[in-house]
file input-v4.tsv (TSV, C-alpha atoms (C1' of nucleotides))
chain	number	residue	atom	x	y	z
A	26	MET	CA	30.73	-3.90	-56.32
A	27	PRO	CA	29.61	-4.62	-52.86
A	28	GLU	CA	26.31	-3.63	-51.38
A	29	GLY	CA	24.77	-6.04	-48.87
A	30	PRO	CA	23.28	-8.46	-51.41
A	31	SER	CA	26.66	-8.87	-53.13
A	32	ILE	CA	28.18	-9.85	-49.80
A	33	VAL	CA	25.44	-12.44	-49.33
A	34	ILE	CA	26.50	-13.92	-52.67
A	35	LEU	CA	30.14	-13.95	-51.53
A	36	LYS	CA	29.10	-15.70	-48.32
A	37	GLU	CA	27.32	-18.39	-50.28
A	38	GLU	CA	30.22	-18.85	-52.67
A	39	ALA	CA	32.55	-19.31	-49.70
A	40	ALA	CA	30.20	-21.52	-47.70
A	41	ALA	CA	32.10	-24.70	-48.56
A	42	PHE	CA	35.05	-23.52	-46.43
A	43	ALA	CA	33.03	-23.84	-43.23
A	44	GLY	CA	34.57	-26.58	-41.08
A	45	ARG	CA	37.87	-26.49	-42.94
A	46	THR	CA	41.21	-25.53	-41.42
A	47	VAL	CA	43.46	-22.74	-42.67
A	48	LEU	CA	46.75	-24.33	-43.70
A	49	ARG	CA	48.49	-21.19	-44.80
A	50	VAL	CA	47.90	-17.46	-44.75
A	51	ARG	CA	49.19	-15.05	-47.37
A	52	GLY	CA	48.82	-11.34	-47.93
A	53	ASN	CA	50.17	-7.82	-47.50
A	54	SER	CA	47.74	-6.70	-44.82
A	55	ARG	CA	49.43	-5.06	-41.84
A	56	GLU	CA	47.01	-6.77	-39.51
A	57	PRO	CA	48.37	-9.89	-37.73
A	58	ILE	CA	46.84	-12.21	-40.30
A	59	GLN	CA	49.10	-15.16	-39.45
A	60	ARG	CA	47.03	-15.74	-36.34
A	61	MET	CA	44.56	-17.55	-38.60
A	62	ALA	CA	47.05	-20.24	-39.61
A	63	GLY	CA	45.95	-23.58	-38.22
A	64	CYS	CA	42.53	-22.28	-37.21
A	65	ARG	CA	39.30	-24.00	-38.19
A	66	VAL	CA	36.54	-21.98	-39.83
A	67	LEU	CA	33.42	-22.18	-37.70
A	68	ALA	CA	31.16	-20.26	-40.07
A	69	LEU	CA	30.99	-17.72	-42.88
A	70	ARG	CA	28.69	-14.85	-42.05
A	71	SER	CA	27.89	-11.32	-43.08
A	72	TRP	CA	26.56	-8.14	-41.59
A	73	GLY	CA	25.61	-5.49	-44.09
A	74	LYS	CA	28.72	-4.97	-46.23
A	75	HIS	CA	30.96	-6.86	-43.81
A	76	PHE	CA	32.05	-10.37	-44.76
A	77	LEU	CA	33.00	-12.42	-41.71
A	78	VAL	CA	35.07	-15.55	-41.34
A	79	GLU	CA	34.37	-16.84	-37.86
A	80	PHE	CA	37.03	-18.70	-35.87
A	81	GLU	CA	37.10	-19.81	-32.25
A	82	GLY	CA	37.38	-16.61	-30.21
A	83	PHE	CA	37.77	-14.14	-33.09
A	84	SER	CA	36.68	-13.41	-36.64
A	85	LEU	CA	38.22	-12.00	-39.78
A	86	ARG	CA	36.29	-9.00	-41.07
A	87	ILE	CA	36.60	-8.09	-44.73
A	88	HIS	CA	35.14	-4.89	-46.16
A	89	LEU	CA	35.55	-4.62	-49.92
A	90	LEU	CA	34.97	-0.86	-49.91
A	91	LEU	CA	34.61	0.48	-53.44
A	92	PHE	CA	37.46	-1.30	-55.24
A	93	GLY	CA	37.78	-4.57	-53.40
A	94	SER	CA	37.63	-7.92	-55.13
A	95	TYR	CA	37.93	-11.59	-54.27
A	96	ARG	CA	38.78	-14.88	-55.89
A	97	ILE	CA	37.80	-18.33	-54.75
A	98	ASP	CA	40.14	-21.20	-55.64
A	99	GLU	CA	42.05	-18.84	-57.94
A	100	ARG	CA	44.42	-15.89	-57.68
A	101	ARG	CA	44.80	-12.52	-59.32
A	102	ALA	CA	48.22	-11.49	-60.59
A	103	THR	CA	48.83	-9.21	-57.60
A	104	GLU	CA	49.42	-10.22	-54.01
A	105	PRO	CA	46.23	-10.49	-52.01
A	106	ARG	CA	45.56	-8.22	-49.06
A	107	VAL	CA	44.76	-11.48	-47.33
A	108	GLY	CA	44.50	-15.01	-48.67
A	109	LEU	CA	43.48	-18.18	-46.86
A	110	ASP	CA	44.82	-21.45	-48.19
A	111	PHE	CA	42.86	-24.55	-47.17
A	112	GLY	CA	44.84	-27.04	-49.21
A	113	ASP	CA	43.63	-29.21	-52.09
A	114	GLY	CA	43.36	-26.07	-54.19
A	115	GLY	CA	40.89	-24.48	-51.81
A	116	GLU	CA	41.65	-20.76	-51.49
A	117	LEU	CA	39.88	-17.63	-50.42
A	118	ASN	CA	41.68	-14.49	-51.63
A	119	PHE	CA	40.82	-10.83	-51.05
A	120	TYR	CA	42.28	-7.79	-52.80
A	121	ALA	CA	42.19	-4.04	-52.20
A	122	CYS	CA	39.99	-4.39	-49.18
A	123	SER	CA	39.88	-3.44	-45.53
A	124	VAL	CA	41.03	-6.22	-43.19
A	125	LYS	CA	40.19	-6.18	-39.50
A	126	PHE	CA	39.74	-8.67	-36.70
A	127	VAL	CA	36.71	-8.79	-34.48
A	128	GLU	CA	37.52	-10.13	-31.02
A	129	GLY	CA	35.13	-12.37	-29.14
A	130	PRO	CA	31.84	-13.84	-30.27
A	131	LEU	CA	30.24	-12.22	-33.30
A	132	ASP	CA	26.88	-12.18	-31.59
A	133	ALA	CA	28.35	-9.78	-29.03
A	134	ALA	CA	29.83	-7.51	-31.70
A	135	TYR	CA	26.97	-7.24	-34.17
A	136	ASP	CA	23.34	-6.25	-34.01
A	137	TRP	CA	21.97	-8.59	-36.64
A	138	SER	CA	18.58	-6.91	-36.60
A	139	ALA	CA	20.12	-3.89	-38.36
A	140	ASP	CA	21.16	-5.93	-41.40
A	141	VAL	CA	18.52	-5.66	-44.12
A	142	MET	CA	19.53	-9.07	-45.50
A	143	ASN	CA	19.38	-10.90	-42.17
A	144	ASP	CA	16.48	-13.07	-40.96
A	145	ALA	CA	16.66	-11.08	-37.75
A	146	TRP	CA	16.02	-7.77	-39.58
A	147	ASP	CA	13.73	-5.63	-37.41
A	148	PRO	CA	11.78	-2.93	-39.27
A	149	ALA	CA	10.24	-1.51	-36.10
A	150	GLN	CA	13.72	-0.95	-34.72
A	151	ALA	CA	14.73	0.83	-37.92
A	152	ARG	CA	11.70	3.13	-37.65
A	153	ARG	CA	12.65	3.92	-34.07
A	154	LYS	CA	16.16	4.89	-35.12
A	155	LEU	CA	14.81	7.04	-37.93
A	156	ARG	CA	12.46	8.93	-35.64
A	157	MET	CA	15.54	10.01	-33.69
A	158	GLN	CA	16.97	11.84	-36.71
A	159	PRO	CA	14.09	13.88	-38.16
A	160	LEU	CA	16.44	16.38	-39.81
A	161	ALA	CA	18.33	13.74	-41.79
A	162	LEU	CA	17.75	13.68	-45.53
A	163	ALA	CA	16.03	10.55	-46.80
A	164	ALA	CA	19.08	9.88	-48.99
A	165	ASP	CA	21.46	10.03	-46.02
A	166	ALA	CA	19.20	7.97	-43.78
A	167	LEU	CA	19.14	5.08	-46.24
A	168	LEU	CA	22.94	5.03	-46.33
A	169	ASP	CA	23.21	4.99	-42.53
A	170	GLN	CA	24.70	1.57	-41.80
A	171	ASN	CA	23.49	1.72	-38.20
A	172	VAL	CA	19.94	1.80	-39.49
A	173	PHE	CA	20.16	-0.05	-42.83
A	174	ALA	CA	23.32	-2.15	-42.79
A	175	GLY	CA	23.96	-3.31	-46.33
A	176	VAL	CA	22.15	-0.53	-48.18
A	177	GLY	CA	24.40	1.28	-50.66
A	178	ASN	CA	24.00	4.00	-53.23
A	179	ILE	CA	22.24	1.94	-55.89
A	180	ILE	CA	19.69	0.61	-53.42
A	181	LYS	CA	19.25	4.13	-52.04
A	182	ASN	CA	18.38	5.62	-55.41
A	183	GLU	CA	16.09	2.79	-56.45
A	184	VAL	CA	14.20	2.66	-53.14
A	185	LEU	CA	13.52	6.40	-53.17
A	186	HIS	CA	12.16	6.17	-56.70
A	187	ARG	CA	10.00	3.15	-55.83
A	188	ILE	CA	8.36	4.94	-52.94
A	189	ARG	CA	8.21	8.26	-54.83
A	190	VAL	CA	10.22	10.22	-52.31
A	191	HIS	CA	12.68	12.94	-53.31
A	192	PRO	CA	16.17	12.26	-51.91
A	193	GLU	CA	16.28	15.66	-50.19
A	194	SER	CA	13.12	15.01	-48.21
A	195	ARG	CA	13.61	15.16	-44.45
A	196	ILE	CA	12.89	12.02	-42.47
A	197	GLY	CA	10.76	14.02	-40.04
A	198	GLY	CA	8.61	15.29	-42.91
A	199	LEU	CA	7.61	11.85	-44.16
A	200	PRO	CA	4.08	10.74	-43.25
A	201	PRO	CA	4.22	7.61	-41.06
A	202	ARG	CA	3.00	5.45	-43.92
A	203	LYS	CA	5.79	6.72	-46.19
A	204	LEU	CA	8.37	6.07	-43.50
A	205	GLY	CA	7.00	2.55	-43.29
A	206	GLU	CA	7.40	2.14	-47.05
A	207	LEU	CA	10.97	3.38	-46.88
A	208	VAL	CA	11.86	0.80	-44.26
A	209	GLU	CA	9.96	-1.97	-46.02
A	210	GLN	CA	11.44	-1.26	-49.45
A	211	ALA	CA	14.99	-0.98	-48.12
A	212	ARG	CA	14.72	-4.71	-47.47
A	213	GLU	CA	12.40	-5.59	-50.35
A	214	TYR	CA	14.58	-3.95	-53.00
A	215	SER	CA	17.71	-5.48	-51.47
A	216	PHE	CA	16.27	-8.94	-52.07
A	217	ASP	CA	15.27	-7.99	-55.61
A	218	PHE	CA	18.86	-6.79	-56.07
A	219	LEU	CA	20.10	-10.16	-54.82
A	220	ARG	CA	17.85	-12.11	-57.18
A	221	TRP	CA	18.72	-9.94	-60.19
A	222	LYS	CA	22.42	-9.95	-59.45
A	223	ARG	CA	22.47	-13.74	-59.22
A	224	ALA	CA	20.79	-13.86	-62.62
A	225	TYR	CA	23.21	-11.24	-64.06
A	226	VAL	CA	20.30	-8.95	-64.86
A	227	LEU	CA	20.70	-6.38	-62.10
A	228	ARG	CA	21.70	-3.41	-64.20
A	229	GLN	CA	18.89	-3.78	-66.67
A	230	HIS	CA	16.42	-3.46	-63.82
A	231	PHE	CA	17.71	-0.05	-62.71
A	232	GLN	CA	14.86	2.43	-62.88
A	233	VAL	CA	16.85	5.58	-62.09
A	234	HIS	CA	20.42	4.72	-61.10
A	235	THR	CA	22.69	5.93	-63.94
A	236	ARG	CA	19.58	6.54	-66.04
A	237	THR	CA	18.47	9.78	-67.69
A	238	VAL	CA	14.73	9.29	-68.17
A	239	CYS	CA	12.07	8.26	-65.65
A	240	PRO	CA	10.40	5.01	-66.78
A	241	ARG	CA	7.24	6.03	-64.93
A	242	ASP	CA	6.47	9.29	-66.69
A	243	GLY	CA	9.19	9.87	-69.28
A	244	GLN	CA	10.44	12.92	-67.40
A	245	ARG	CA	14.13	13.79	-67.69
A	246	LEU	CA	15.74	12.66	-64.44
A	247	GLY	CA	17.48	15.00	-62.02
A	248	TYR	CA	21.09	14.25	-61.17
A	249	ARG	CA	23.25	15.48	-58.32
A	250	LYS	CA	26.83	14.42	-58.09
A	251	HIS	CA	27.23	15.08	-54.38
A	252	LEU	CA	23.91	14.98	-52.56
A	253	GLY	CA	23.50	15.06	-48.80
A	254	LEU	CA	26.08	14.69	-46.05
A	255	ALA	CA	27.13	11.44	-47.68
A	256	ARG	CA	27.85	13.43	-50.87
A	257	ARG	CA	26.82	10.54	-53.06
A	258	ARG	CA	25.31	10.50	-56.52
A	259	ALA	CA	21.56	10.92	-56.66
A	260	PHE	CA	19.32	10.08	-59.61
A	261	PHE	CA	15.69	11.05	-59.14
A	262	CYS	CA	12.53	12.20	-60.88
A	263	GLU	CA	11.38	15.69	-59.90
A	264	GLN	CA	7.97	14.87	-61.28
A	265	CYS	CA	7.05	11.66	-59.49
A	266	GLN	CA	9.28	11.79	-56.41
A	267	ARG	CA	7.77	14.19	-53.90
A	268	LEU	CA	9.83	16.47	-51.70
A	269	TYR	CA	8.71	16.30	-48.06
A	270	PRO	CA	10.27	19.14	-46.08
A	271	PHE	CA	10.38	19.16	-42.29
A	272	GLY	CA	9.15	22.10	-40.28
B	29	DT	C1'	39.64	4.64	-73.44
B	30	DA	C1'	40.01	7.36	-69.71
B	31	DA	C1'	37.25	8.67	-66.12
B	32	DC	C1'	34.83	7.65	-62.58
B	33	DA	C1'	32.22	4.90	-58.85
B	34	DT	C1'	28.14	0.07	-55.84
B	35	DG	C1'	32.44	2.71	-49.70
B	36	DT	C1'	34.84	3.85	-45.63
B	37	DT	C1'	38.56	5.62	-42.92
B	38	DA	C1'	42.22	8.65	-41.82
B	39	DC	C1'	44.09	12.77	-42.12
B	40	DG	C1'	44.91	17.78	-42.33
B	41	DG	C1'	43.05	22.21	-42.33
B	42	DT	C1'	39.81	25.52	-40.44
C	13	DA	C1'	37.31	20.66	-30.52
C	14	DA	C1'	34.29	19.72	-33.87
C	15	DC	C1'	33.57	19.81	-38.38
C	16	DC	C1'	34.60	19.57	-43.31
C	17	DG	C1'	36.88	18.21	-47.49
C	18	DT	C1'	39.97	15.29	-49.66
C	19	DA	C1'	43.21	11.39	-50.41
C	20	DA	C1'	43.75	6.77	-50.35
C	21	DC	C1'	42.57	2.27	-51.97
C	22	DA	C1'	44.18	0.19	-57.15
C	23	DT	C1'	39.17	-2.73	-59.61
C	24	DG	C1'	35.28	-2.96	-62.67
C	25	DT	C1'	32.33	-0.61	-65.81
C	26	DT	C1'	30.98	2.50	-69.25

call {"tool": "encode", "arguments": {"input": "input-v4.tsv", "output": "C-alpha cells"}}
result
Amino acid sequence: MPEGPSIVILKEEAAAFAGRTVLRVRGNSREPIQRMAGCRVLALRSWGKHFLVEFEGFSLRIHLLLFGSYRIDERRATEPRVGLDFGDGGELNFYACSVKFVEGPLDAAYDWSADVMNDAWDPAQARRKLRMQPLALAADALLDQNVFAGVGNIIKNEVLHRIRVHPESRIGGLPPRKLGELVEQAREYSFDFLRWKRAYVLRQHFQVHTRTVCPRDGQRLGYRKHLGLARRRAFFCEQCQRLYPFG
DNA sequence: TAACATGTTACGGT
DNA sequence: AACCGTAACATGTT
C-alpha cells in the first residue's frame, strides 16, 4: 500500500497520539521495543516511506514494505510486529513491517529536502543528484529514495507517462527542460495521489499503471514485468512516451 | 480464487 | 570482492 502519500495519511491519522505517553508495548519484533514503554511521543513524522514516532533521544521507524498494515485503536487477529498502547483505548498497531530505531535527533538522521512530500523538498537538489547519474534509466532514477524519497512504482509509471518519457530513457539523455519536468511532476503527482487516495478515487485516476490502453492516443500500452535495475513493473505508451538515449 | 504486487533487506551463489 | 538473483515478509487487490 505504502508510497509516500499513503504514509502522510498514516501520519495524519496518528497525529492525535502526539504528546501522549506509551503505557504498554506489545509485539513480536526482535528489536528492543520495550524501551518505548513510559516514553512520551514528541511528534509523528515521516520521511518518504518511513513513518516515524519521535521520542526524547530516539525514534521508532516503521517501514510497511509491500505487505505491511496498521490499525489505529483496533487490532488485527494476529500479533502486531509492534503495538503502542496509550490507554483509554488509544492504540497504534503495526503488522508485517520493518521496525527499526533511529538514535538521536531526527533532524540529524534525515535530509528532509529529499522527501517529495515535505515542505523542505528541494527540486534543485534533486536535479543535482540526477546529473551525477546520467546512465541511470528514468524508471530507476524515480525509484531512487535518495533522490525522490516517497516515490514508488505507481508514481513512477504515472509521472513518466505525464511527461511523455519512456521508462528506459537515460537520465543523461533528457533535455534540461524534461529533467525539470521529471523532478516537478515527481512531487506534483505525489500530491495528486494524496488527494485522490484520501477521496478513495486513486485507482480510477491511473492513466497507465495496470492499464492496457493509453488514454492519450488509444495505443495498446507496453508492459515489462521487470524493467531496470529495480526490476519493477513498467506500463508505458510506446507512441507518446519518447525514448531518450544517452550517448 | 489464486496469483501477484504500491518495497526493502539479507542472503547465497558466482 | 562486487555483483546478481531470489527469498522473505504474510496483506490487499484483482

call {"tool": "closest_residue", "arguments": {"input": "input-v4.tsv", "among": "A:Arg51, A:Arg202, A:His191, A:His230", "to": "Tyr248 (chain A)", "atoms": "all atoms listed in the file"}}
result
A:His191

call {"tool": "interface_residues", "arguments": {"input": "input-v4.tsv", "of": "chain A", "to": "chain C", "cutoff": "12 Å", "atoms": "all atoms listed in the file", "output": "VMD selection string"}}
result
chain A and resid 26 to 27 88 to 95 101 103 106 119 to 123 228 235 254 to 256

call {"tool": "residues_around", "arguments": {"input": "input-v4.tsv", "residues": "Cys239 (chain A)", "least_positions_apart": "3", "cutoff": "12 Å", "atoms": "only C-alpha atoms (C1' of nucleotides)", "output": "list in words"}}
result
Glu183, His186, Arg187, Arg189, Phe231, Gln232, Val233, His234, Thr235, Arg236, Asp242, Gly243, Gln244, Arg245, Leu246, Gly247, Tyr248, Phe260, Phe261, Cys262, Glu263, Gln264, Cys265 and Gln266 of chain A

call {"tool": "interface_residues", "arguments": {"input": "input-v4.tsv", "of": "chain B", "to": "chain A", "cutoff": "12 Å", "atoms": "only C-alpha atoms (C1' of nucleotides)", "output": "list in words"}}
result
DC32, DA33, DT34, DG35, DT36 and DT37 of chain B

call {"tool": "atom_distance", "arguments": {"input": "input-v4.tsv", "atom1": "CA of Pro200 (chain A)", "atom2": "CA of Leu167 (chain A)"}}
result
16.4 Å

call {"tool": "atom_distance", "arguments": {"input": "input-v4.tsv", "atom1": "CA of Val226 (chain A)", "atom2": "CA of Leu35 (chain A)"}}
result
17.3 Å

call {"tool": "build_atoms", "arguments": {"input": "input-v4.tsv", "residues": "region 26-45 of chain A", "atoms": "N, CA, C and O atoms", "output": "short mmCIF file (atom, residue, chain, number, x, y, z; two decimals), in the frame of the given file"}}
result
data_model
loop_
_atom_site.label_atom_id
_atom_site.label_comp_id
_atom_site.auth_asym_id
_atom_site.auth_seq_id
_atom_site.Cartn_x
_atom_site.Cartn_y
_atom_site.Cartn_z
N MET A 26 31.72 -2.86 -56.07
CA MET A 26 30.73 -3.90 -56.32
C MET A 26 29.81 -4.14 -55.14
O MET A 26 28.76 -4.67 -55.32
N PRO A 27 30.22 -3.89 -53.95
CA PRO A 27 29.61 -4.62 -52.86
C PRO A 27 28.59 -3.84 -52.06
O PRO A 27 28.94 -3.13 -51.13
N GLU A 28 27.34 -4.01 -52.34
CA GLU A 28 26.31 -3.63 -51.38
C GLU A 28 25.94 -4.93 -50.67
O GLU A 28 26.44 -6.00 -51.04
N GLY A 29 25.09 -4.86 -49.67
CA GLY A 29 24.77 -6.04 -48.87
C GLY A 29 24.48 -7.31 -49.65
O GLY A 29 25.03 -8.37 -49.35
N PRO A 30 23.62 -7.23 -50.67
CA PRO A 30 23.28 -8.46 -51.41
C PRO A 30 24.49 -9.11 -52.07
O PRO A 30 24.57 -10.34 -52.16
N SER A 31 25.46 -8.30 -52.53
CA SER A 31 26.66 -8.87 -53.13
C SER A 31 27.49 -9.63 -52.10
O SER A 31 28.16 -10.62 -52.42
N ILE A 32 27.44 -9.17 -50.86
CA ILE A 32 28.18 -9.85 -49.80
C ILE A 32 27.48 -11.16 -49.43
O ILE A 32 28.13 -12.15 -49.07
N VAL A 33 26.18 -11.18 -49.55
CA VAL A 33 25.44 -12.44 -49.33
C VAL A 33 25.87 -13.47 -50.38
O VAL A 33 26.07 -14.65 -50.07
N ILE A 34 26.04 -13.02 -51.61
CA ILE A 34 26.50 -13.92 -52.67
C ILE A 34 27.90 -14.44 -52.37
O ILE A 34 28.18 -15.65 -52.48
N LEU A 35 28.79 -13.54 -51.93
CA LEU A 35 30.14 -13.95 -51.53
C LEU A 35 30.08 -15.01 -50.43
O LEU A 35 30.78 -16.03 -50.47
N LYS A 36 29.23 -14.76 -49.45
CA LYS A 36 29.10 -15.70 -48.32
C LYS A 36 28.69 -17.08 -48.82
O LYS A 36 29.22 -18.10 -48.38
N GLU A 37 27.77 -17.10 -49.74
CA GLU A 37 27.32 -18.39 -50.28
C GLU A 37 28.41 -19.08 -51.09
O GLU A 37 28.58 -20.29 -51.02
N GLU A 38 29.15 -18.27 -51.85
CA GLU A 38 30.22 -18.85 -52.67
C GLU A 38 31.33 -19.43 -51.80
O GLU A 38 32.05 -20.34 -52.22
N ALA A 39 31.48 -18.87 -50.59
CA ALA A 39 32.55 -19.31 -49.70
C ALA A 39 32.08 -20.35 -48.69
O ALA A 39 32.87 -20.85 -47.89
N ALA A 40 30.81 -20.68 -48.74
CA ALA A 40 30.20 -21.52 -47.70
C ALA A 40 30.90 -22.87 -47.53
O ALA A 40 30.94 -23.42 -46.43
N ALA A 41 31.48 -23.38 -48.62
CA ALA A 41 32.10 -24.70 -48.56
C ALA A 41 33.33 -24.73 -47.65
O ALA A 41 33.81 -25.81 -47.28
N PHE A 42 33.86 -23.55 -47.29
CA PHE A 42 35.05 -23.52 -46.43
C PHE A 42 34.70 -23.69 -44.95
O PHE A 42 35.59 -23.85 -44.12
N ALA A 43 33.43 -23.64 -44.63
CA ALA A 43 33.03 -23.84 -43.23
C ALA A 43 33.47 -25.23 -42.78
O ALA A 43 33.28 -26.21 -43.49
N GLY A 44 34.10 -25.31 -41.62
CA GLY A 44 34.57 -26.58 -41.08
C GLY A 44 35.97 -26.94 -41.51
O GLY A 44 36.59 -27.85 -40.95
N ARG A 45 36.51 -26.19 -42.48
CA ARG A 45 37.87 -26.49 -42.94
C ARG A 45 38.90 -25.68 -42.15
O ARG A 45 38.58 -24.66 -41.54
#
